[in-house]
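Participant: What follows is query-v2.pdb, made up of PDB, C-alpha atoms:
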ATOM      1  CA  MET X   4      12.189  13.490 -33.454
ATOM      2  CA  SER X   5      13.875  15.693 -30.831
ATOM      3  CA  ARG X   6      17.345  14.673 -32.029
ATOM      4  CA  ARG X   7      16.465  15.451 -35.653
ATOM      5  CA  LEU X   8      15.043  18.836 -34.663
ATOM      6  CA  SER X   9      18.159  19.707 -32.654
ATOM      7  CA  PHE X  10      20.368  18.585 -35.542
ATOM      8  CA  LEU X  11      18.481  20.784 -38.020
ATOM      9  CA  ILE X  12      18.599  23.858 -35.751
ATOM     10  CA  THR X  13      22.285  23.388 -34.996
ATOM     11  CA  SER X  14      23.122  22.794 -38.662
ATOM     12  CA  GLY X  15      21.263  25.942 -39.711
ATOM     13  CA  LEU X  16      23.019  27.985 -37.013
ATOM     14  CA  VAL X  17      26.456  26.706 -38.066
ATOM     15  CA  ALA X  18      25.723  27.304 -41.758
ATOM     16  CA  VAL X  19      24.576  30.900 -41.222
ATOM     17  CA  MET X  20      27.543  31.718 -38.974
ATOM     18  CA  VAL X  21      29.969  30.219 -41.509
ATOM     19  CA  MET X  22      28.401  32.341 -44.269
ATOM     20  CA  ALA X  23      28.681  35.456 -42.060
ATOM     21  CA  ALA X  24      32.329  34.650 -41.324
ATOM     22  CA  VAL X  25      33.024  34.243 -45.047
ATOM     23  CA  GLY X  26      31.330  37.622 -45.641
ATOM     24  CA  VAL X  27      33.552  39.295 -43.048
ATOM     25  CA  GLN X  28      36.604  37.709 -44.692
ATOM     26  CA  ASN X  29      35.527  38.955 -48.134
ATOM     27  CA  GLY X  30      34.855  42.426 -46.794
ATOM     28  CA  SER X  31      31.154  42.378 -47.693
ATOM     29  CA  LEU X  32      30.235  42.300 -43.995
ATOM     30  CA  SER X  33      31.733  44.089 -41.045
ATOM     31  CA  VAL X  34      32.512  42.614 -37.633
ATOM     32  CA  GLY X  35      29.462  44.412 -36.327
ATOM     33  CA  ASP X  36      27.332  42.684 -38.984
ATOM     34  CA  PHE X  37      28.757  39.356 -37.814
ATOM     35  CA  VAL X  38      27.780  40.118 -34.195
ATOM     36  CA  MET X  39      24.320  41.204 -35.355
ATOM     37  CA  VAL X  40      23.829  37.935 -37.295
ATOM     38  CA  ASN X  41      24.914  35.987 -34.237
ATOM     39  CA  ALA X  42      22.394  37.875 -32.051
ATOM     40  CA  TYR X  43      19.609  37.281 -34.578
ATOM     41  CA  MET X  44      20.381  33.569 -34.759
ATOM     42  CA  ILE X  45      20.302  33.252 -30.948
ATOM     43  CA  GLN X  46      16.905  34.965 -30.869
ATOM     44  CA  ILE X  47      15.622  32.553 -33.521
ATOM     45  CA  THR X  48      17.038  29.305 -32.144
ATOM     46  CA  MET X  49      15.901  29.834 -28.546
ATOM     47  CA  PRO X  50      12.151  29.933 -29.444
ATOM     48  CA  LEU X  51      12.671  26.978 -31.801
ATOM     49  CA  ASN X  52      14.249  24.948 -29.021
ATOM     50  CA  PHE X  53      11.396  25.945 -26.699
ATOM     51  CA  LEU X  54       8.814  24.896 -29.277
ATOM     52  CA  GLY X  55      10.617  21.597 -29.679
ATOM     53  CA  SER X  56      10.498  20.898 -25.927
ATOM     54  CA  VAL X  57       6.806  21.878 -25.820
ATOM     55  CA  TYR X  58       6.102  19.505 -28.696
ATOM     56  CA  ARG X  59       7.853  16.677 -26.877
ATOM     57  CA  GLU X  60       5.912  17.324 -23.662
ATOM     58  CA  ILE X  61       2.580  17.478 -25.494
ATOM     59  CA  ARG X  62       3.384  14.288 -27.383
ATOM     60  CA  GLN X  63       4.306  12.444 -24.154
ATOM     61  CA  ALA X  64       1.203  13.820 -22.425
ATOM     62  CA  MET X  65      -0.989  12.481 -25.229
ATOM     63  CA  ILE X  66       0.621   9.048 -24.846
ATOM     64  CA  ASP X  67       0.112   9.102 -21.058
ATOM     65  CA  MET X  68      -3.505  10.222 -21.443
ATOM     66  CA  SER X  69      -4.158   7.417 -23.902
ATOM     67  CA  GLU X  70      -2.768   4.862 -21.453
ATOM     68  CA  MET X  71      -4.751   6.396 -18.589
ATOM     69  CA  PHE X  72      -8.049   6.248 -20.472
ATOM     70  CA  THR X  73      -7.280   2.692 -21.548
ATOM     71  CA  LEU X  74      -6.763   1.772 -17.903
ATOM     72  CA  LEU X  75      -9.959   3.564 -16.825
ATOM     73  CA  GLY X  76     -11.825   1.725 -19.545
ATOM     74  CA  GLN X  77     -10.893  -1.685 -18.173
ATOM     75  CA  PRO X  78     -13.963  -3.444 -16.738
ATOM     76  CA  ALA X  79     -13.901  -4.231 -13.005
ATOM     77  CA  GLU X  80     -13.280  -7.883 -12.217
ATOM     78  CA  ILE X  81     -15.432  -7.764  -9.076
ATOM     79  CA  THR X  82     -18.752  -5.915  -9.193
ATOM     80  CA  ASP X  83     -21.723  -5.624  -6.853
ATOM     81  CA  LYS X  84     -24.716  -7.820  -7.493
ATOM     82  CA  PRO X  85     -27.858  -6.051  -8.696
ATOM     83  CA  GLY X  86     -29.733  -4.932  -5.614
ATOM     84  CA  ALA X  87     -26.819  -5.613  -3.238
ATOM     85  CA  LYS X  88     -27.487  -4.324   0.280
ATOM     86  CA  PRO X  89     -25.061  -2.570   2.634
ATOM     87  CA  LEU X  90     -23.222  -4.770   5.111
ATOM     88  CA  THR X  91     -24.672  -4.629   8.612
ATOM     89  CA  VAL X  92     -22.199  -5.585  11.338
ATOM     90  CA  SER X  93     -23.754  -6.424  14.697
ATOM     91  CA  GLY X  94     -20.854  -8.277  16.270
ATOM     92  CA  GLY X  95     -18.267  -8.974  13.607
ATOM     93  CA  THR X  96     -18.239 -12.785  13.396
ATOM     94  CA  ILE X  97     -16.242 -13.885  10.359
ATOM     95  CA  ALA X  98     -16.601 -17.349   8.865
ATOM     96  CA  LEU X  99     -14.840 -19.087   6.000
ATOM     97  CA  LYS X 100     -16.905 -22.138   5.070
ATOM     98  CA  ASP X 101     -15.099 -24.764   2.993
ATOM     99  CA  VAL X 102     -13.397 -21.998   0.992
ATOM    100  CA  SER X 103     -11.373 -22.917  -2.077
ATOM    101  CA  PHE X 104      -9.614 -20.333  -4.212
ATOM    102  CA  GLY X 105      -6.891 -19.942  -6.811
ATOM    103  CA  TYR X 106      -5.704 -16.973  -8.830
ATOM    104  CA  GLU X 107      -5.462 -19.418 -11.724
ATOM    105  CA  ALA X 108      -7.618 -22.508 -12.172
ATOM    106  CA  GLU X 109      -4.595 -24.796 -12.512
ATOM    107  CA  ARG X 110      -2.892 -23.418  -9.385
ATOM    108  CA  PRO X 111      -5.154 -23.606  -6.305
ATOM    109  CA  ILE X 112      -4.110 -21.523  -3.273
ATOM    110  CA  LEU X 113      -6.732 -22.423  -0.647
ATOM    111  CA  ARG X 114      -8.229 -25.889  -0.431
ATOM    112  CA  GLY X 115     -11.349 -26.373   1.685
ATOM    113  CA  VAL X 116     -10.485 -23.894   4.463
ATOM    114  CA  ASP X 117     -12.892 -23.682   7.419
ATOM    115  CA  ILE X 118     -12.283 -20.823   9.874
ATOM    116  CA  GLU X 119     -14.630 -19.045  12.260
ATOM    117  CA  VAL X 120     -13.613 -15.899  14.126
ATOM    118  CA  PRO X 121     -16.125 -15.125  16.901
ATOM    119  CA  ALA X 122     -17.080 -11.514  17.462
ATOM    120  CA  GLY X 123     -14.488  -9.651  19.530
ATOM    121  CA  LYS X 124     -11.909 -12.448  19.343
ATOM    122  CA  THR X 125      -8.421 -12.507  17.855
ATOM    123  CA  ILE X 126      -7.306 -15.207  15.453
ATOM    124  CA  ALA X 127      -3.817 -15.529  13.998
ATOM    125  CA  ILE X 128      -2.962 -17.150  10.683
ATOM    126  CA  VAL X 129       0.592 -18.405  10.258
ATOM    127  CA  GLY X 130       2.472 -20.568   7.806
ATOM    128  CA  SER X 131       5.336 -20.600   5.369
ATOM    129  CA  SER X 132       5.474 -18.328   2.314
ATOM    130  CA  GLY X 133       2.912 -19.301  -0.312
ATOM    131  CA  SER X 134       0.640 -21.104   2.123
ATOM    132  CA  GLY X 135      -2.269 -18.707   1.463
ATOM    133  CA  LYS X 136      -2.152 -16.361   4.486
ATOM    134  CA  SER X 137      -2.392 -13.052   2.634
ATOM    135  CA  THR X 138      -4.923 -14.510   0.196
ATOM    136  CA  ILE X 139      -7.446 -14.777   3.033
ATOM    137  CA  GLY X 140      -7.061 -11.039   3.656
ATOM    138  CA  ARG X 141      -7.688 -10.279  -0.013
ATOM    139  CA  LEU X 142     -10.800 -12.445   0.007
ATOM    140  CA  LEU X 143     -12.034 -10.663   3.137
ATOM    141  CA  PHE X 144     -11.816  -7.319   1.312
ATOM    142  CA  ARG X 145     -13.393  -9.018  -1.712
ATOM    143  CA  PHE X 146     -10.592  -8.117  -4.056
ATOM    144  CA  TYR X 147     -11.388 -11.583  -5.400
ATOM    145  CA  ASP X 148     -14.361 -13.922  -5.074
ATOM    146  CA  VAL X 149     -13.988 -17.429  -3.702
ATOM    147  CA  ASN X 150     -14.120 -20.262  -6.253
ATOM    148  CA  ALA X 151     -16.048 -22.516  -3.870
ATOM    149  CA  GLY X 152     -17.538 -22.212  -0.418
ATOM    150  CA  ALA X 153     -18.486 -18.910   1.202
ATOM    151  CA  LEU X 154     -17.012 -16.084   3.278
ATOM    152  CA  THR X 155     -19.533 -14.459   5.592
ATOM    153  CA  ILE X 156     -19.607 -11.615   8.125
ATOM    154  CA  ASP X 157     -22.366 -11.951  10.723
ATOM    155  CA  GLY X 158     -24.016 -14.469   8.409
ATOM    156  CA  GLN X 159     -23.945 -12.174   5.352
ATOM    157  CA  ASP X 160     -22.066 -13.475   2.319
ATOM    158  CA  VAL X 161     -19.615 -10.785   1.196
ATOM    159  CA  ARG X 162     -20.730 -11.419  -2.403
ATOM    160  CA  ASP X 163     -24.239 -10.237  -1.522
ATOM    161  CA  VAL X 164     -23.289  -6.856  -0.003
ATOM    162  CA  THR X 165     -21.900  -3.667  -1.522
ATOM    163  CA  GLN X 166     -18.121  -3.382  -1.696
ATOM    164  CA  GLU X 167     -18.172   0.173  -0.331
ATOM    165  CA  SER X 168     -19.979  -0.872   2.848
ATOM    166  CA  LEU X 169     -17.675  -3.891   3.214
ATOM    167  CA  HIS X 170     -14.544  -1.742   3.032
ATOM    168  CA  GLN X 171     -16.007   0.732   5.542
ATOM    169  CA  GLN X 172     -16.367  -2.017   8.151
ATOM    170  CA  ILE X 173     -12.793  -3.330   7.872
ATOM    171  CA  GLY X 174      -9.612  -1.596   8.953
ATOM    172  CA  VAL X 175      -6.189  -2.812   7.895
ATOM    173  CA  VAL X 176      -2.674  -2.190   9.160
ATOM    174  CA  PRO X 177      -0.374  -3.517   6.417
ATOM    175  CA  GLN X 178       3.286  -4.429   6.503
ATOM    176  CA  ASP X 179       4.216  -1.247   4.637
ATOM    177  CA  THR X 180       1.865   1.603   5.494
ATOM    178  CA  VAL X 181       1.122   3.732   2.434
ATOM    179  CA  LEU X 182       1.416   7.452   3.191
ATOM    180  CA  PHE X 183       0.629  10.305   0.835
ATOM    181  CA  ASN X 184       3.050  13.120   0.095
ATOM    182  CA  ASP X 185       1.141  15.476   2.365
ATOM    183  CA  THR X 186       0.991  16.439   6.037
ATOM    184  CA  ILE X 187       0.731  14.100   9.027
ATOM    185  CA  TYR X 188      -2.700  15.592   9.718
ATOM    186  CA  TYR X 189      -3.926  14.719   6.234
ATOM    187  CA  ASN X 190      -2.567  11.163   6.390
ATOM    188  CA  ILE X 191      -4.320  10.464   9.699
ATOM    189  CA  ALA X 192      -7.545  12.158   8.560
ATOM    190  CA  TYR X 193      -7.618   9.933   5.476
ATOM    191  CA  GLY X 194      -9.100   7.214   7.711
ATOM    192  CA  ARG X 195     -12.248   9.356   8.080
ATOM    193  CA  PRO X 196     -12.148  12.639   6.117
ATOM    194  CA  ASP X 197     -15.096  14.159   7.995
ATOM    195  CA  ALA X 198     -13.437  13.730  11.415
ATOM    196  CA  SER X 199     -12.883  16.776  13.602
ATOM    197  CA  GLU X 200      -9.465  17.993  14.691
ATOM    198  CA  ALA X 201     -10.106  16.788  18.240
ATOM    199  CA  GLU X 202     -10.893  13.265  16.975
ATOM    200  CA  ILE X 203      -7.723  13.204  14.870
ATOM    201  CA  ILE X 204      -5.595  14.278  17.831
ATOM    202  CA  ALA X 205      -7.293  11.674  20.033
ATOM    203  CA  ALA X 206      -6.455   8.958  17.485
ATOM    204  CA  ALA X 207      -2.840  10.153  17.379
ATOM    205  CA  LYS X 208      -2.633  10.010  21.164
ATOM    206  CA  ALA X 209      -4.053   6.481  21.199
ATOM    207  CA  ALA X 210      -1.424   5.466  18.636
ATOM    208  CA  LYS X 211       1.315   7.027  20.811
ATOM    209  CA  ILE X 212       2.467   9.431  18.098
ATOM    210  CA  HIS X 213       1.005  12.727  19.359
ATOM    211  CA  ASP X 214       4.052  13.640  21.483
ATOM    212  CA  PHE X 215       6.405  12.974  18.564
ATOM    213  CA  VAL X 216       4.293  15.112  16.229
ATOM    214  CA  MET X 217       4.185  17.993  18.689
ATOM    215  CA  SER X 218       7.980  17.895  18.989
ATOM    216  CA  LEU X 219       8.268  18.710  15.269
ATOM    217  CA  PRO X 220       8.610  22.398  14.269
ATOM    218  CA  LYS X 221       5.434  22.325  12.175
ATOM    219  CA  GLY X 222       3.524  19.790  14.268
ATOM    220  CA  TYR X 223       0.667  18.140  12.397
ATOM    221  CA  ASP X 224       1.433  20.305   9.345
ATOM    222  CA  THR X 225       4.758  18.474   8.834
ATOM    223  CA  ALA X 226       5.052  16.932   5.362
ATOM    224  CA  VAL X 227       5.904  13.220   5.398
ATOM    225  CA  GLY X 228       7.464  13.089   1.928
ATOM    226  CA  GLU X 229       6.818  10.631  -0.864
ATOM    227  CA  ARG X 230       5.511   7.372   0.690
ATOM    228  CA  GLY X 231       6.494   8.748   4.098
ATOM    229  CA  LEU X 232      10.253   8.732   3.466
ATOM    230  CA  LYS X 233      10.786  11.493   6.043
ATOM    231  CA  LEU X 234       9.474   9.232   8.821
ATOM    232  CA  SER X 235      11.051   6.141  10.322
ATOM    233  CA  GLY X 236       9.430   2.723   9.991
ATOM    234  CA  GLY X 237       7.935   2.873  13.483
ATOM    235  CA  GLU X 238       6.593   6.396  12.970
ATOM    236  CA  LYS X 239       4.958   5.387   9.683
ATOM    237  CA  GLN X 240       3.286   2.424  11.364
ATOM    238  CA  ARG X 241       1.988   4.658  14.160
ATOM    239  CA  VAL X 242       0.476   7.036  11.602
ATOM    240  CA  GLY X 243      -1.182   4.010   9.977
ATOM    241  CA  ILE X 244      -2.479   2.847  13.363
ATOM    242  CA  ALA X 245      -3.851   6.320  14.109
ATOM    243  CA  ARG X 246      -5.567   6.347  10.723
ATOM    244  CA  THR X 247      -7.215   2.981  11.442
ATOM    245  CA  LEU X 248      -8.234   4.041  14.955
ATOM    246  CA  LEU X 249      -9.872   7.140  13.502
ATOM    247  CA  LYS X 250     -11.837   4.948  11.105
ATOM    248  CA  ASN X 251     -12.937   2.879  14.137
ATOM    249  CA  PRO X 252     -13.902  -0.304  12.249
ATOM    250  CA  PRO X 253     -15.474  -3.325  14.006
ATOM    251  CA  ILE X 254     -13.179  -5.702  12.067
ATOM    252  CA  LEU X 255      -9.405  -5.355  11.998
ATOM    253  CA  LEU X 256      -6.892  -7.026   9.692
ATOM    254  CA  LEU X 257      -3.221  -6.939  10.695
ATOM    255  CA  ASP X 258      -1.259  -8.081   7.645
ATOM    256  CA  GLU X 259       2.260  -8.712   8.988
ATOM    257  CA  ALA X 260       2.055  -5.248  10.509
ATOM    258  CA  THR X 261       5.418  -5.402  12.309
ATOM    259  CA  SER X 262       7.505  -7.779  10.202
ATOM    260  CA  ALA X 263       9.392  -4.903   8.536
ATOM    261  CA  LEU X 264      10.411  -3.326  11.857
ATOM    262  CA  ASP X 265      13.357  -3.967  14.139
ATOM    263  CA  THR X 266      12.789  -5.880  17.366
ATOM    264  CA  ASP X 267      12.686  -2.874  19.722
ATOM    265  CA  THR X 268      10.261  -0.912  17.534
ATOM    266  CA  GLU X 269       8.168  -4.040  17.023
ATOM    267  CA  ARG X 270       7.674  -4.424  20.776
ATOM    268  CA  GLU X 271       6.537  -0.812  21.084
ATOM    269  CA  ILE X 272       4.100  -1.112  18.168
ATOM    270  CA  GLN X 273       2.813  -4.486  19.342
ATOM    271  CA  ALA X 274       1.419  -3.028  22.571
ATOM    272  CA  GLU X 275      -0.465  -0.396  20.563
ATOM    273  CA  LEU X 276      -1.839  -3.011  18.160
ATOM    274  CA  LYS X 277      -3.030  -5.119  21.065
ATOM    275  CA  ALA X 278      -4.809  -2.129  22.619
ATOM    276  CA  MET X 279      -6.357  -1.287  19.246
ATOM    277  CA  GLY X 280      -7.805  -4.813  18.955
ATOM    278  CA  GLN X 281      -9.763  -4.575  22.205
ATOM    279  CA  GLY X 282     -13.472  -5.035  21.475
ATOM    280  CA  ARG X 283     -12.849  -5.756  17.791
ATOM    281  CA  THR X 284     -12.745  -8.904  15.700
ATOM    282  CA  VAL X 285      -9.092  -9.228  14.707
ATOM    283  CA  ILE X 286      -7.419 -11.373  12.057
ATOM    284  CA  THR X 287      -3.639 -11.289  12.331
ATOM    285  CA  ILE X 288      -1.513 -12.565   9.464
ATOM    286  CA  ALA X 289       1.848 -13.077  11.109
ATOM    287  CA  HIS X 290       5.384 -13.937  10.140
ATOM    288  CA  ARG X 291       6.974 -13.495  13.562
ATOM    289  CA  LEU X 292       5.265 -16.001  15.818
ATOM    290  CA  SER X 293       6.236 -14.133  18.994
ATOM    291  CA  THR X 294       3.707 -11.433  18.083
ATOM    292  CA  ILE X 295       0.694 -13.776  18.113
ATOM    293  CA  ALA X 296       1.399 -15.979  21.131
ATOM    294  CA  ASP X 297      -1.604 -14.543  23.033
ATOM    295  CA  ALA X 298      -4.142 -14.965  20.187
ATOM    296  CA  ASP X 299      -7.419 -16.711  21.029
ATOM    297  CA  GLU X 300      -6.720 -19.228  18.262
ATOM    298  CA  ILE X 301      -3.822 -19.830  15.904
ATOM    299  CA  ILE X 302      -4.414 -21.326  12.457
ATOM    300  CA  VAL X 303      -1.453 -23.016  10.769
ATOM    301  CA  LEU X 304      -1.704 -23.137   6.972
ATOM    302  CA  GLU X 305       0.393 -25.336   4.729
ATOM    303  CA  ASN X 306      -0.152 -25.594   0.963
ATOM    304  CA  GLY X 307      -3.582 -23.990   1.298
ATOM    305  CA  LYS X 308      -4.853 -26.374   3.980
ATOM    306  CA  ILE X 309      -5.233 -26.077   7.740
ATOM    307  CA  VAL X 310      -2.789 -28.499   9.311
ATOM    308  CA  GLU X 311      -3.062 -27.331  12.929
ATOM    309  CA  ARG X 312      -5.206 -25.048  15.033
ATOM    310  CA  GLY X 313      -5.382 -24.109  18.698
ATOM    311  CA  ARG X 314      -3.771 -21.838  21.286
ATOM    312  CA  HIS X 315      -0.065 -21.236  21.488
ATOM    313  CA  GLU X 316       0.653 -23.543  24.428
ATOM    314  CA  SER X 317      -1.333 -26.483  23.075
ATOM    315  CA  LEU X 318       0.275 -26.225  19.644
ATOM    316  CA  LEU X 319       3.751 -26.308  21.167
ATOM    317  CA  THR X 320       2.925 -29.489  23.106
ATOM    318  CA  LYS X 321       1.777 -31.206  19.898
ATOM    319  CA  ASN X 322       5.307 -30.828  18.522
ATOM    320  CA  GLY X 323       3.904 -30.409  15.015
ATOM    321  CA  ARG X 324       4.300 -27.849  12.251
ATOM    322  CA  TYR X 325       3.756 -24.836  14.540
ATOM    323  CA  ALA X 326       6.349 -26.103  17.019
ATOM    324  CA  GLN X 327       8.826 -26.506  14.134
ATOM    325  CA  LEU X 328       8.236 -22.923  12.982
ATOM    326  CA  TRP X 329       8.575 -21.655  16.568
ATOM    327  CA  GLN X 330      11.829 -23.513  17.192
ATOM    328  CA  ARG X 331      13.266 -22.388  13.863
ATOM    329  CA  GLN X 332      12.521 -18.726  14.539
ATOM    330  CA  ALA X 333      13.900 -18.991  18.070
ATOM    331  CA  ALA X 334      17.126 -20.480  16.692
ATOM    332  CA  ASP X 335      17.378 -17.720  14.059
ATOM    333  CA  GLU X 336      16.893 -15.008  16.703
ATOM    334  CA  GLU X 337      19.553 -16.569  18.938
ATOM    335  CA  GLU X 338      21.971 -16.760  16.025
ATOM    336  CA  ALA X 339      21.280 -13.126  15.090
ATOM    337  CA  ALA X 340      21.816 -12.061  18.706
TER     338      ALA X 340
END
Could you write out this file's structure as structure tokens?
Facilitator:
Amino acid sequence: MSRRLSFLITSGLVAVMVMAAVGVQNGSLSVGDFVMVNAYMIQITMPLNFLGSVYREIRQAMIDMSEMFTLLGQPAEITDKPGAKPLTVSGGTIALKDVSFGYEAERPILRGVDIEVPAGKTIAIVGSSGSGKSTIGRLLFRFYDVNAGALTIDGQDVRDVTQESLHQQIGVVPQDTVLFNDTIYYNIAYGRPDASEAEIIAAAKAAKIHDFVMSLPKGYDTAVGERGLKLSGGEKQRVGIARTLLKNPPILLLDEATSALDTDTEREIQAELKAMGQGRTVITIAHRLSTIADADEIIVLENGKIVERGRHESLLTKNGRYAQLWQRQAADEEEAA
């Protein structure tokens, strides 16, 4: 449509100017008349071009609005049960009882998984890609419901509580922290919008980012850019940690929180993550095994099943799947060095 409109406007302009030129050649029009016609045509074509661009924008906006309302009209896959009660966390004990799950019925991801995370303890889940590590995190947030078995927090099945209360009790530090195109202050405050300025600064100090922020010309009013592109990977993770600390949840999920960072930055962040987990129930989904060596228990998943479990030292002495993963990563790090 826009090309046809431009073609018609251009064709009309050329035709009128050719007719004016022929008139000047015949003597029926003067050079001044020719200039006047040219000025008139410019004044006509500019509004027409503007109207054409407005039409295109309105047309595209109508298409986008239609798609947006179609998306908003999609029914939620997971909904609260009628009469669902808020989740009450007394300690934060998490239990997966014979859990089986698959995104598709013909492709199971988890097969009869039994895990219990005592209140205040740290458990690490490791395994090769596709073993079902991240799926457990999604089930904990109840983005999906288990196909069989149950997932409970302090004895309460997550299917029987409200999703809002469940999300309020869990904090997550993901592999790639999502930041909004706003200030550092806003991105930290997103963890708890009603927090005071003193609480936000205290969270930033605990995440070891306060000194960096104060070294910036605008301090906490510094814009981070789209998805935090103006910050380095370590700085983004520290903002995410500060946000989670401000939320102060009793349950913490670390979903490969340092796997996207370089080794030096990872070591700095790891100390802050360890301090953040004190007094909380922590589930760590790890790719780099060196980051979870001090976990209270390590779960090794393979093809959706638990093949090994125990502390780091005992798993190494078994010389099983965990020992193979450890030796392989150690060899890769030596080769990279």
Participant: Just the number, please: distance in Å from CA of Gln166 (chain X) to CA of Arg145 (chain X), one decimal.
Facilitator: 7.4 Å
Participant: Residues near region 50-59 of chain X, anyone? I mean within 12 Å using only C-alpha atoms, not counting same-chain ones fewer than 4 positions away, as a short mmCIF file (atom, residue, chain, number, x, y, z; two decimals) with C-alpha atoms, in the frame of the given file.
Facilitator:
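The resulting file, part_31.cif, is shown below:
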data_model
loop_
_atom_site.label_atom_id
_atom_site.label_comp_id
_atom_site.auth_asym_id
_atom_site.auth_seq_id
_atom_site.Cartn_x
_atom_site.Cartn_y
_atom_site.Cartn_z
CA MET X 4 12.19 13.49 -33.45
CA SER X 5 13.88 15.69 -30.83
CA ARG X 6 17.34 14.67 -32.03
CA ARG X 7 16.46 15.45 -35.65
CA LEU X 8 15.04 18.84 -34.66
CA SER X 9 18.16 19.71 -32.65
CA PHE X 10 20.37 18.58 -35.54
CA LEU X 11 18.48 20.78 -38.02
CA ILE X 12 18.60 23.86 -35.75
CA THR X 13 22.28 23.39 -35.00
CA GLY X 15 21.26 25.94 -39.71
CA LEU X 16 23.02 27.98 -37.01
CA TYR X 43 19.61 37.28 -34.58
CA MET X 44 20.38 33.57 -34.76
CA ILE X 45 20.30 33.25 -30.95
CA GLN X 46 16.90 34.97 -30.87
CA GLN X 63 4.31 12.44 -24.15
CA ALA X 64 1.20 13.82 -22.42
CA MET X 65 -0.99 12.48 -25.23
CA ILE X 66 0.62 9.05 -24.85
#
Participant: Please tabulate, as a Markdown table, the residues of region 170-195 of chain X that come within 7 Å of region 238-257 of chain X, each with its closest pair of atoms and the distance in Å to one decimal, counting all atoms listed in the file and ordering rows by chain, then residue number upward.
Facilitator:
| residue | atom | partner | partner_atom | distance |
| --- | --- | --- | --- | --- |
| X:Gln172 | CA | X:Pro252 | CA | 5.1 |
| X:Ile173 | CA | X:Ile254 | CA | 4.8 |
| X:Gly174 | CA | X:Leu255 | CA | 4.8 |
| X:Val175 | CA | X:Leu256 | CA | 4.6 |
| X:Val176 | CA | X:Leu257 | CA | 5.0 |
| X:Pro177 | CA | X:Leu257 | CA | 6.2 |
| X:Thr180 | CA | X:Gly243 | CA | 5.9 |
| X:Ile191 | CA | X:Arg246 | CA | 4.4 |
| X:Ala192 | CA | X:Arg246 | CA | 6.5 |
| X:Tyr193 | CA | X:Arg246 | CA | 6.7 |
| X:Gly194 | CA | X:Arg246 | CA | 4.7 |
| X:Arg195 | CA | X:Lys250 | CA | 5.4 |
Participant: Between X:Val120, X:Ala226, X:Val310, X:Ile97, which has the minimum distance to Gly323 (chain X) (counting all atoms listed in the file)?
Facilitator: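 Among the listed residues, the smallest separation from Gly323 (chain X) belongs to X:Val310.
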Participant: For Phe215 (chain X), which residue among X:Ala201, X:Ile187, X:Asp160, X:Ser168 is the nearest when counting only C-alpha atoms?
Facilitator: X:Ile187
Participant: Just the residues within 10 Å of Gln281 (chain X), please, counting only C-alpha atoms, with nothing from its chain fewer than 6 positions along; format it as a ChimeraX atom specification.
Facilitator: /X:123-125
Participant: As a check of understanding, name the residues that the PyMOL selection byres ((chain X and resi 298-300) around 7) selects in the supplied structure, as a list in words.
Facilitator: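 Here the PyMOL selection byres ((chain X and resi 298-300) around 7) matches Lys124, Thr125, Ile126, Ala127, Ile295, Ala296, Asp297, Ile301, Ile302, Arg312, Gly313 and Arg314 of chain X.
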Participant: Using the chain letters and numbers from the file, give me the residues hit by the PyMOL selection byres ((chain X and resi 36) around 12), as a list in words.
Facilitator: Met20, Met22, Ala23, Ala24, Val25, Gly26, Val27, Gln28, Gly30, Ser31, Leu32, Ser33, Val34, Gly35, Phe37, Val38, Met39, Val40, Asn41, Ala42 and Tyr43 of chain X
Participant: Restrict the selected residues to C-alpha atoms and save them as a CSV table (one decimal), keeping the file's coordinate frame.
Facilitator:
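part06.csv written:
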chain,number,residue,atom,x,y,z
X,20,MET,CA,27.5,31.7,-39.0
X,22,MET,CA,28.4,32.3,-44.3
X,23,ALA,CA,28.7,35.5,-42.1
X,24,ALA,CA,32.3,34.6,-41.3
X,25,VAL,CA,33.0,34.2,-45.0
X,26,GLY,CA,31.3,37.6,-45.6
X,27,VAL,CA,33.6,39.3,-43.0
X,28,GLN,CA,36.6,37.7,-44.7
X,30,GLY,CA,34.9,42.4,-46.8
X,31,SER,CA,31.2,42.4,-47.7
X,32,LEU,CA,30.2,42.3,-44.0
X,33,SER,CA,31.7,44.1,-41.0
X,34,VAL,CA,32.5,42.6,-37.6
X,35,GLY,CA,29.5,44.4,-36.3
X,37,PHE,CA,28.8,39.4,-37.8
X,38,VAL,CA,27.8,40.1,-34.2
X,39,MET,CA,24.3,41.2,-35.4
X,40,VAL,CA,23.8,37.9,-37.3
X,41,ASN,CA,24.9,36.0,-34.2
X,42,ALA,CA,22.4,37.9,-32.1
X,43,TYR,CA,19.6,37.3,-34.6
Participant: Could you check how far CA of Asp148 (chain X) sits from CA of Ser93 (chain X), in Å to one decimal?
Facilitator: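 These atoms are spaced 23.1 Å apart.
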Participant: What's around Glu229 (chain X) at 10 Å? Count only C-alpha atoms, leave out sequence neighbours fewer than 6 positions away in its own chain, and write the answer as a VMD selection string.
Facilitator: chain X and resid 181 to 185
Participant: Go ahead and save the picked residues with C-alpha atoms, as a PDB file, in the coordinates of the input.
Facilitator:
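Written file, result.pdb:
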ATOM      1  CA  VAL X 181       1.122   3.732   2.434  1.00  0.00           C
ATOM      2  CA  LEU X 182       1.416   7.452   3.191  1.00  0.00           C
ATOM      3  CA  PHE X 183       0.629  10.305   0.835  1.00  0.00           C
ATOM      4  CA  ASN X 184       3.050  13.120   0.095  1.00  0.00           C
ATOM      5  CA  ASP X 185       1.141  15.476   2.365  1.00  0.00           C
TER       6      ASP X 185
END
Participant: Kindly give the distance, in Å, that separates CA of Arg110 (chain X) and CA of Ala79 (chain X), rounded to a single decimal.
Facilitator: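 Separation of CA of Arg110 (chain X) and CA of Ala79 (chain X): 22.4 Å.
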